[in-house]
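These notes concern the structure reproduced below.
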Amino acid sequence: GTGLMKNANTTCLIGQPMNKDLEQHLGLEVRMANDANCFTLAGSRFGSVRDEEHKGLTIFGVIMGTGVGGGIVIHDRVLGGLHGIAGEWGHNPLPWPRPEELPGPGCYCGRHGCIETFLSGPGLAADHTRETGREDSPEAIVAAAAAGDAGAAATLSRYVDRLARGLATVVNLLDPD
């Protein structure tokens, strides 16, 4: 509503009029939308769910990278919600936390234990560092696990468990066919 960026994991963008800045710089009209919403809508219109058999499905798209986000498409339309954040599950608390996961890592949003702090690339790397003392990139963690490194394999096992718990809440909420 204000035209200012909100909830960006590139925190220097929060509160900035990025859309207007881009328009001024490019000399063109710029339309912006949440990346997860765009990804999910593209999947519904051009991806494997575009055929008649799947038309009208509720689709939840997940984006996992430097942050964690999600988008919901119902009957080929993005569900935005009153505040434009429908589907954004990354800043919900990690479901069914284990004692060692509490209170959870601090998040740029000001809370602790957000799903994003566990499942983003930086979250994966931070968990690995906390548990092994090694500062490896997500790519290096995966490669080390594939090469038989027990610490890296344990990091990926925790990651998969947390991903399953995070997605379970979405499945429960949407209650798909």
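By convention here, the chains of the structure tokens are called A, B, ... in the order presented, each chain's residues are numbered starting at 1, and ligands are numbered starting at 1 in the order presented.
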What's around Pro17 (chain A) at 7 Å? Count only C-alpha atoms, leave out sequence neighbours fewer than 5 positions away in its own chain, and write the answer as an mmCIF file with N, CA, C and O atoms, in the first residue's frame.
```cif
data_model
loop_
_atom_site.group_PDB
_atom_site.id
_atom_site.type_symbol
_atom_site.label_atom_id
_atom_site.label_comp_id
_atom_site.auth_asym_id
_atom_site.auth_seq_id
_atom_site.Cartn_x
_atom_site.Cartn_y
_atom_site.Cartn_z
ATOM 1 N N GLY A 3 4.048 1.386 -1.176
ATOM 2 C CA GLY A 3 5.046 1.353 -2.238
ATOM 3 C C GLY A 3 6.451 1.109 -1.723
ATOM 4 O O GLY A 3 7.408 1.136 -2.491
ATOM 5 N N LEU A 4 6.575 0.861 -0.424
ATOM 6 C CA LEU A 4 7.886 0.611 0.173
ATOM 7 C C LEU A 4 8.093 -0.889 0.361
ATOM 8 O O LEU A 4 7.146 -1.625 0.646
ATOM 9 N N MET A 5 9.327 -1.332 0.201
ATOM 10 C CA MET A 5 9.651 -2.751 0.375
ATOM 11 C C MET A 5 9.423 -3.161 1.827
ATOM 12 O O MET A 5 9.645 -2.376 2.754
#
```
> What lies within 7 Å of region 94-108 of chain A using only C-alpha atoms, ignoring chain neighbours under 6 positions off, as a PyMOL selection string?
Replying inline: chain A and resi 114-115+117+165-166
Those selected residues, please, written with all heavy atoms and delivered as a PDB file, in the first residue's frame.
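again12.pdb, written as the output of this step:
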```
ATOM      1  N   CYS A 114      12.447 -18.662  13.473  1.00  0.00           N
ATOM      2  CA  CYS A 114      11.649 -18.663  12.239  1.00  0.00           C
ATOM      3  C   CYS A 114      12.117 -19.806  11.339  1.00  0.00           C
ATOM      4  O   CYS A 114      13.301 -20.158  11.325  1.00  0.00           O
ATOM      5  CB  CYS A 114      11.812 -17.348  11.480  1.00  0.00           C
ATOM      6  SG  CYS A 114      11.108 -15.914  12.304  1.00  0.00           S
ATOM      7  N   ILE A 115      11.202 -20.365  10.583  1.00  0.00           N
ATOM      8  CA  ILE A 115      11.542 -21.433   9.644  1.00  0.00           C
ATOM      9  C   ILE A 115      12.722 -21.006   8.775  1.00  0.00           C
ATOM     10  O   ILE A 115      13.643 -21.786   8.527  1.00  0.00           O
ATOM     11  CB  ILE A 115      10.305 -21.801   8.791  1.00  0.00           C
ATOM     12  CG1 ILE A 115       9.273 -22.523   9.665  1.00  0.00           C
ATOM     13  CG2 ILE A 115      10.689 -22.641   7.586  1.00  0.00           C
ATOM     14  CD1 ILE A 115       7.923 -22.739   9.000  1.00  0.00           C
ATOM     15  N   THR A 117      15.248 -19.200   9.426  1.00  0.00           N
ATOM     16  CA  THR A 117      16.558 -19.259  10.085  1.00  0.00           C
ATOM     17  C   THR A 117      17.136 -20.667  10.092  1.00  0.00           C
ATOM     18  O   THR A 117      18.323 -20.840  10.325  1.00  0.00           O
ATOM     19  CB  THR A 117      16.505 -18.716  11.526  1.00  0.00           C
ATOM     20  OG1 THR A 117      15.689 -19.567  12.338  1.00  0.00           O
ATOM     21  CG2 THR A 117      15.994 -17.287  11.565  1.00  0.00           C
ATOM     22  N   ARG A 165       8.930 -30.936   8.781  1.00  0.00           N
ATOM     23  CA  ARG A 165       8.041 -30.337   9.790  1.00  0.00           C
ATOM     24  C   ARG A 165       7.441 -29.034   9.293  1.00  0.00           C
ATOM     25  O   ARG A 165       6.259 -28.757   9.499  1.00  0.00           O
ATOM     26  CB  ARG A 165       8.808 -30.108  11.098  1.00  0.00           C
ATOM     27  CG  ARG A 165       9.046 -31.394  11.868  1.00  0.00           C
ATOM     28  CD  ARG A 165       9.684 -31.129  13.210  1.00  0.00           C
ATOM     29  NE  ARG A 165      11.134 -31.061  13.076  1.00  0.00           N
ATOM     30  CZ  ARG A 165      11.932 -30.354  13.854  1.00  0.00           C
ATOM     31  NH1 ARG A 165      11.443 -29.600  14.828  1.00  0.00           N
ATOM     32  NH2 ARG A 165      13.236 -30.374  13.681  1.00  0.00           N
ATOM     33  N   GLY A 166       8.261 -28.210   8.634  1.00  0.00           N
ATOM     34  CA  GLY A 166       7.757 -26.940   8.118  1.00  0.00           C
ATOM     35  C   GLY A 166       6.684 -27.126   7.069  1.00  0.00           C
ATOM     36  O   GLY A 166       5.656 -26.448   7.076  1.00  0.00           O
TER      37      GLY A 166
END
```
> Within 12 Å of Glu135 (chain A), counting only C-alpha atoms, which residues qualify if same-chain residues fewer than 5 places away don't, as a list in words?
Replying inline: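 That gives Pro122, Gly123, Leu124, Ala125, Ala126, Asp127, His128, Thr129, Arg130, Ala140, Ile141 and Ala152 of chain A.
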> In Å, with one decimal, what is the gap from CA of Pro93 (chain A) to CA of Thr169 (chain A)?
Replying inline: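 A separation of 10.6 Å between them.
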>> I need the residues of chain A that end up classed as helix (DSSP H, G or I) by DSSP on the backbone, written out as a PyMOL selection string.
In response: chain A and resi 11-13+18-26+35-46+52-54+99-101+115-119+121-132+138-146+150-174
> What residues in region 32-86 of chain A get the DSSP label strand (DSSP E)? Please answer as a ChimeraX atom specification.
Replying inline: /A:58-64,68-74,77-78
Saved selection, atoms kept: N, CA and C atoms, as a PDB file, in the first residue's frame:
```pdb
ATOM      1  N   THR A  58      -5.220 -26.214  -5.831  1.00  0.00           N
ATOM      2  CA  THR A  58      -4.516 -25.306  -4.942  1.00  0.00           C
ATOM      3  C   THR A  58      -3.051 -25.708  -4.983  1.00  0.00           C
ATOM      4  N   ILE A  59      -2.203 -24.751  -5.293  1.00  0.00           N
ATOM      5  CA  ILE A  59      -0.775 -25.017  -5.435  1.00  0.00           C
ATOM      6  C   ILE A  59      -0.015 -24.186  -4.408  1.00  0.00           C
ATOM      7  N   PHE A  60       0.903 -24.829  -3.714  1.00  0.00           N
ATOM      8  CA  PHE A  60       1.805 -24.117  -2.809  1.00  0.00           C
ATOM      9  C   PHE A  60       3.199 -24.244  -3.381  1.00  0.00           C
ATOM     10  N   GLY A  61       3.797 -23.115  -3.720  1.00  0.00           N
ATOM     11  CA  GLY A  61       5.155 -23.100  -4.255  1.00  0.00           C
ATOM     12  C   GLY A  61       6.126 -22.655  -3.186  1.00  0.00           C
ATOM     13  N   VAL A  62       7.269 -23.301  -3.119  1.00  0.00           N
ATOM     14  CA  VAL A  62       8.284 -23.010  -2.109  1.00  0.00           C
ATOM     15  C   VAL A  62       9.536 -22.478  -2.785  1.00  0.00           C
ATOM     16  N   ILE A  63      10.051 -21.391  -2.245  1.00  0.00           N
ATOM     17  CA  ILE A  63      11.341 -20.855  -2.682  1.00  0.00           C
ATOM     18  C   ILE A  63      12.279 -20.930  -1.486  1.00  0.00           C
ATOM     19  N   MET A  64      13.431 -21.560  -1.719  1.00  0.00           N
ATOM     20  CA  MET A  64      14.424 -21.694  -0.656  1.00  0.00           C
ATOM     21  C   MET A  64      15.777 -21.296  -1.221  1.00  0.00           C
ATOM     22  N   VAL A  68      13.502 -17.917   2.733  1.00  0.00           N
ATOM     23  CA  VAL A  68      12.524 -18.975   2.516  1.00  0.00           C
ATOM     24  C   VAL A  68      11.172 -18.305   2.331  1.00  0.00           C
ATOM     25  N   GLY A  69      10.491 -18.650   1.250  1.00  0.00           N
ATOM     26  CA  GLY A  69       9.186 -18.058   0.996  1.00  0.00           C
ATOM     27  C   GLY A  69       8.246 -19.051   0.369  1.00  0.00           C
ATOM     28  N   GLY A  70       7.024 -18.625   0.218  1.00  0.00           N
ATOM     29  CA  GLY A  70       6.030 -19.481  -0.394  1.00  0.00           C
ATOM     30  C   GLY A  70       4.940 -18.663  -1.042  1.00  0.00           C
ATOM     31  N   GLY A  71       4.263 -19.258  -1.993  1.00  0.00           N
ATOM     32  CA  GLY A  71       3.139 -18.627  -2.659  1.00  0.00           C
ATOM     33  C   GLY A  71       2.017 -19.636  -2.811  1.00  0.00           C
ATOM     34  N   ILE A  72       0.802 -19.139  -2.831  1.00  0.00           N
ATOM     35  CA  ILE A  72      -0.367 -19.991  -2.988  1.00  0.00           C
ATOM     36  C   ILE A  72      -1.146 -19.526  -4.206  1.00  0.00           C
ATOM     37  N   VAL A  73      -1.499 -20.472  -5.067  1.00  0.00           N
ATOM     38  CA  VAL A  73      -2.335 -20.197  -6.230  1.00  0.00           C
ATOM     39  C   VAL A  73      -3.552 -21.109  -6.140  1.00  0.00           C
ATOM     40  N   ILE A  74      -4.726 -20.508  -6.266  1.00  0.00           N
ATOM     41  CA  ILE A  74      -5.988 -21.252  -6.252  1.00  0.00           C
ATOM     42  C   ILE A  74      -6.749 -20.882  -7.524  1.00  0.00           C
ATOM     43  N   ARG A  77      -5.114 -18.273  -9.732  1.00  0.00           N
ATOM     44  CA  ARG A  77      -4.964 -16.900  -9.230  1.00  0.00           C
ATOM     45  C   ARG A  77      -4.170 -16.914  -7.939  1.00  0.00           C
ATOM     46  N   VAL A  78      -3.259 -15.949  -7.810  1.00  0.00           N
ATOM     47  CA  VAL A  78      -2.464 -15.834  -6.593  1.00  0.00           C
ATOM     48  C   VAL A  78      -3.362 -15.437  -5.433  1.00  0.00           C
TER      49      VAL A  78
END
```
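Considering only C-alpha atoms, the residue among A:Gly1, A:Gly151, A:Ile14, A:Ser44 positioned nearest to Cys109 (chain A) is A:Ile14.
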> Contacts of Leu156 (chain A) at 8 Å or less, counting only C-alpha atoms, minus same-chain residues fewer than 3 places along, as a list in words?
Replying inline: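 Selected residues are Ile141, Val142, Ala145, Ala152, Ala153, Tyr159 and Val160 of chain A.
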> Just how far from CA of Asn19 (chain A) is CA of Met32 (chain A), in Å to one decimal?
Replying inline: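 Rounded to one decimal, the two atoms are 6.7 Å apart.
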Excluding same-chain residues fewer than 4 positions from Gly80 (chain A), what lies within 12 Å of it counting only C-alpha atoms, as a PDB file with N, CA, C and O atoms, in the first residue's frame?
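What ended up in around.pdb:
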```
ATOM      1  N   ALA A  33       6.157  -7.981  -7.883  1.00  0.00           N
ATOM      2  CA  ALA A  33       5.369  -8.893  -7.068  1.00  0.00           C
ATOM      3  C   ALA A  33       6.332  -9.815  -6.331  1.00  0.00           C
ATOM      4  O   ALA A  33       7.505  -9.943  -6.699  1.00  0.00           O
ATOM      5  N   ASN A  34       5.819 -10.445  -5.335  1.00  0.00           N
ATOM      6  CA  ASN A  34       6.605 -11.382  -4.550  1.00  0.00           C
ATOM      7  C   ASN A  34       7.127 -12.522  -5.434  1.00  0.00           C
ATOM      8  O   ASN A  34       6.380 -13.075  -6.244  1.00  0.00           O
ATOM      9  N   ALA A  36       7.941 -15.625  -4.778  1.00  0.00           N
ATOM     10  CA  ALA A  36       7.281 -16.925  -4.601  1.00  0.00           C
ATOM     11  C   ALA A  36       5.906 -16.932  -5.260  1.00  0.00           C
ATOM     12  O   ALA A  36       5.494 -17.952  -5.829  1.00  0.00           O
ATOM     13  N   ASN A  37       5.201 -15.813  -5.202  1.00  0.00           N
ATOM     14  CA  ASN A  37       3.907 -15.741  -5.880  1.00  0.00           C
ATOM     15  C   ASN A  37       4.088 -15.877  -7.391  1.00  0.00           C
ATOM     16  O   ASN A  37       3.336 -16.593  -8.056  1.00  0.00           O
ATOM     17  N   CYS A  38       5.082 -15.182  -7.938  1.00  0.00           N
ATOM     18  CA  CYS A  38       5.342 -15.258  -9.381  1.00  0.00           C
ATOM     19  C   CYS A  38       5.737 -16.674  -9.791  1.00  0.00           C
ATOM     20  O   CYS A  38       5.245 -17.204 -10.793  1.00  0.00           O
ATOM     21  N   THR A  40       5.013 -19.507  -8.280  1.00  0.00           N
ATOM     22  CA  THR A  40       3.885 -20.425  -8.145  1.00  0.00           C
ATOM     23  C   THR A  40       2.867 -20.204  -9.256  1.00  0.00           C
ATOM     24  O   THR A  40       2.334 -21.163  -9.829  1.00  0.00           O
ATOM     25  N   LEU A  41       2.600 -18.946  -9.584  1.00  0.00           N
ATOM     26  CA  LEU A  41       1.671 -18.652 -10.675  1.00  0.00           C
ATOM     27  C   LEU A  41       2.222 -19.169 -12.007  1.00  0.00           C
ATOM     28  O   LEU A  41       1.491 -19.754 -12.803  1.00  0.00           O
ATOM     29  N   GLY A  70       7.024 -18.625   0.218  1.00  0.00           N
ATOM     30  CA  GLY A  70       6.030 -19.481  -0.394  1.00  0.00           C
ATOM     31  C   GLY A  70       4.940 -18.663  -1.042  1.00  0.00           C
ATOM     32  O   GLY A  70       4.722 -17.495  -0.686  1.00  0.00           O
ATOM     33  N   GLY A  71       4.263 -19.258  -1.993  1.00  0.00           N
ATOM     34  CA  GLY A  71       3.139 -18.627  -2.659  1.00  0.00           C
ATOM     35  C   GLY A  71       2.017 -19.636  -2.811  1.00  0.00           C
ATOM     36  O   GLY A  71       2.260 -20.836  -2.906  1.00  0.00           O
ATOM     37  N   ILE A  72       0.802 -19.139  -2.831  1.00  0.00           N
ATOM     38  CA  ILE A  72      -0.367 -19.991  -2.988  1.00  0.00           C
ATOM     39  C   ILE A  72      -1.146 -19.526  -4.206  1.00  0.00           C
ATOM     40  O   ILE A  72      -1.427 -18.333  -4.360  1.00  0.00           O
ATOM     41  N   VAL A  73      -1.499 -20.472  -5.067  1.00  0.00           N
ATOM     42  CA  VAL A  73      -2.335 -20.197  -6.230  1.00  0.00           C
ATOM     43  C   VAL A  73      -3.552 -21.109  -6.140  1.00  0.00           C
ATOM     44  O   VAL A  73      -3.416 -22.322  -5.943  1.00  0.00           O
ATOM     45  N   ILE A  74      -4.726 -20.508  -6.266  1.00  0.00           N
ATOM     46  CA  ILE A  74      -5.988 -21.252  -6.252  1.00  0.00           C
ATOM     47  C   ILE A  74      -6.749 -20.882  -7.524  1.00  0.00           C
ATOM     48  O   ILE A  74      -6.951 -19.697  -7.797  1.00  0.00           O
ATOM     49  N   GLY A  84      -0.877  -8.968   1.671  1.00  0.00           N
ATOM     50  CA  GLY A  84       0.013  -9.401   0.601  1.00  0.00           C
ATOM     51  C   GLY A  84       1.035 -10.438   1.016  1.00  0.00           C
ATOM     52  O   GLY A  84       2.037 -10.619   0.328  1.00  0.00           O
ATOM     53  N   ILE A  85       0.799 -11.132   2.112  1.00  0.00           N
ATOM     54  CA  ILE A  85       1.790 -12.088   2.591  1.00  0.00           C
ATOM     55  C   ILE A  85       1.249 -13.517   2.709  1.00  0.00           C
ATOM     56  O   ILE A  85       1.881 -14.366   3.342  1.00  0.00           O
ATOM     57  N   ALA A  86       0.111 -13.802   2.083  1.00  0.00           N
ATOM     58  CA  ALA A  86      -0.413 -15.166   2.126  1.00  0.00           C
ATOM     59  C   ALA A  86       0.632 -16.125   1.559  1.00  0.00           C
ATOM     60  O   ALA A  86       1.276 -15.829   0.556  1.00  0.00           O
ATOM     61  N   GLY A  87       0.835 -17.231   2.203  1.00  0.00           N
ATOM     62  CA  GLY A  87       1.797 -18.225   1.755  1.00  0.00           C
ATOM     63  C   GLY A  87       3.195 -18.035   2.296  1.00  0.00           C
ATOM     64  O   GLY A  87       4.035 -18.915   2.168  1.00  0.00           O
ATOM     65  N   GLU A  88       3.469 -16.905   2.894  1.00  0.00           N
ATOM     66  CA  GLU A  88       4.823 -16.633   3.393  1.00  0.00           C
ATOM     67  C   GLU A  88       5.057 -17.359   4.716  1.00  0.00           C
ATOM     68  O   GLU A  88       4.868 -16.809   5.784  1.00  0.00           O
TER      69      GLU A  88
END
```
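Between Asp76 (chain A) and the candidates A:Gly56, A:Leu174, A:Ala8, A:Ala164, the tightest atom-to-atom separation, counting only C-alpha atoms, involves A:Gly56.
One distance worth recording is that between CA of Gly133 (chain A) and CA of Asn9 (chain A), which is 24.9 Å.
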